[in-house]
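Student: Have a look at this one before I ask anything.
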Amino acid sequence: MPKKRRPTLQDIADRVGATKMTVSRCLRGGDNVSEKMRERIFAVAEDLGYIPNRAPDILSKATSRAIGILLPSLTNQVFADVIKGIETVTEPAGYHLMLSHYGYSPDVEERSLSSLLSYNVDGVILSDSQHTPRTLRMLETAGVPTVELMDTHLKPFQQAVGFNNVLAAYDMVSEMIRRGRRHVVYLAVRLDARTLQRQEGYTRAMEEHGLEPVTLRSEQRSSFSVGATLMTHILEQNPEADGIFCTNDDVAIGAYFECQRRGMIVPDQMAIAGFHGHDVGQAMTPRLASVVTPREALGQRAAEELLARLSGQPMSEPVIDLGYRIEAGGTL
């Protein structure tokens, strides 16, 4: 798949009626350009979707053998597993990975993508499916193959490899209800798009059974300590709760530890379910109930799709759903 011709400094210069050197100085932060001209240059650069080029000019018409990957978290085991899957495909094929972290911030993702594209990466793997308008313009301008991970619920920019977070949450909460739980609380952390999709599935399952959905939210990153803290809040604010569904296994395990500390018996007094099926949850006793997701397989399939398109093959299908598995474990 050949790269599109990207807008150049000369394209901006022609639009604003200035020299290429003036445009270059302005975009690099030079102060010897009038305010009026500066505003025009930045407005045209934004309109064209201009991407700075930090690589040698020859690379703009060649392949860099690099794949750009945008990660929302460096501490979440989910994305370590995804990267492992990607590398099983890219390393034998002679591609190296350029990673950038954006901490679940769309604005930081935008800046990170601009940086990655400036090195003329051959393709991009994104960890989210919602982006700023400028991010979408840059992806369109770059014209490189793009794959989004972890979500098949929203329409992708080009192609998505993942699973349906709404249905996964719905299925887990439905199983909890089937086993007799009537006061299940959802523990939501980070409040990113996938967390909110899981809340949608949780709410749907509760309401279909005539039960009241209750969500406890935290904007902190997923961790054992956050799970323990939220569990404390539930016991104080929702003493009738007989089950919790957590947006991540880390939170669920932290909540389990808090139950242990208080002498509460799981699952007799409190059912606990997590999401993703991390090794630690599947190795503990009792085994943590969780929505088990195929993280390594997701990374592997995303890389396979990307490299196939780089070799000139057409996109196989826009949305590839690898599914999930409901693991009841010993905590339901």
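Labels for the structure tokens follow display order: chains A, B, ..., residues from 1 in each chain, ligands from 1.
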Contacts of Thr232 in chain A at 8 Å or less, counting only C-alpha atoms, minus same-chain residues fewer than 4 places along, as a PyMOL selection string?
Tutor: chain A and resi 228+236+258
Student: I need the chosen residues saved as a PDB file, in the first residue's frame, with C-alpha atoms.
Tutor:
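Written output follows (result.pdb):
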ATOM      1  CA  ALA A 228      -9.481  -2.132  47.943  1.00  0.00           C
ATOM      2  CA  GLU A 236     -19.977   1.720  53.749  1.00  0.00           C
ATOM      3  CA  GLU A 258     -10.163  -6.037  51.213  1.00  0.00           C
TER       4      GLU A 258
END
Student: For each of A:Leu298, A:Ile125, A:Val184, A:Ile320, take the minimum atom-to-atom distance to Thr203 in chain A, counting only C-alpha atoms, then give the residue where this is smallest.
Tutor: A:Val184
Student: With only C-alpha atoms as the atoms that count, which of A:Gly281, A:Gly143, A:Gly201, A:Gly210 lies nearest to Phe157 in chain A?
Tutor: A:Gly143
Student: Which neighbours of range 304-319 of chain A fall inside 12 Å, counting only C-alpha atoms, when residues of the same chain fewer than 5 positions from it are skipped, and could you give them as a ChimeraX atom specification?
Tutor: /A:1-3,63-69,85-95,121-126,129,143-164,297-299
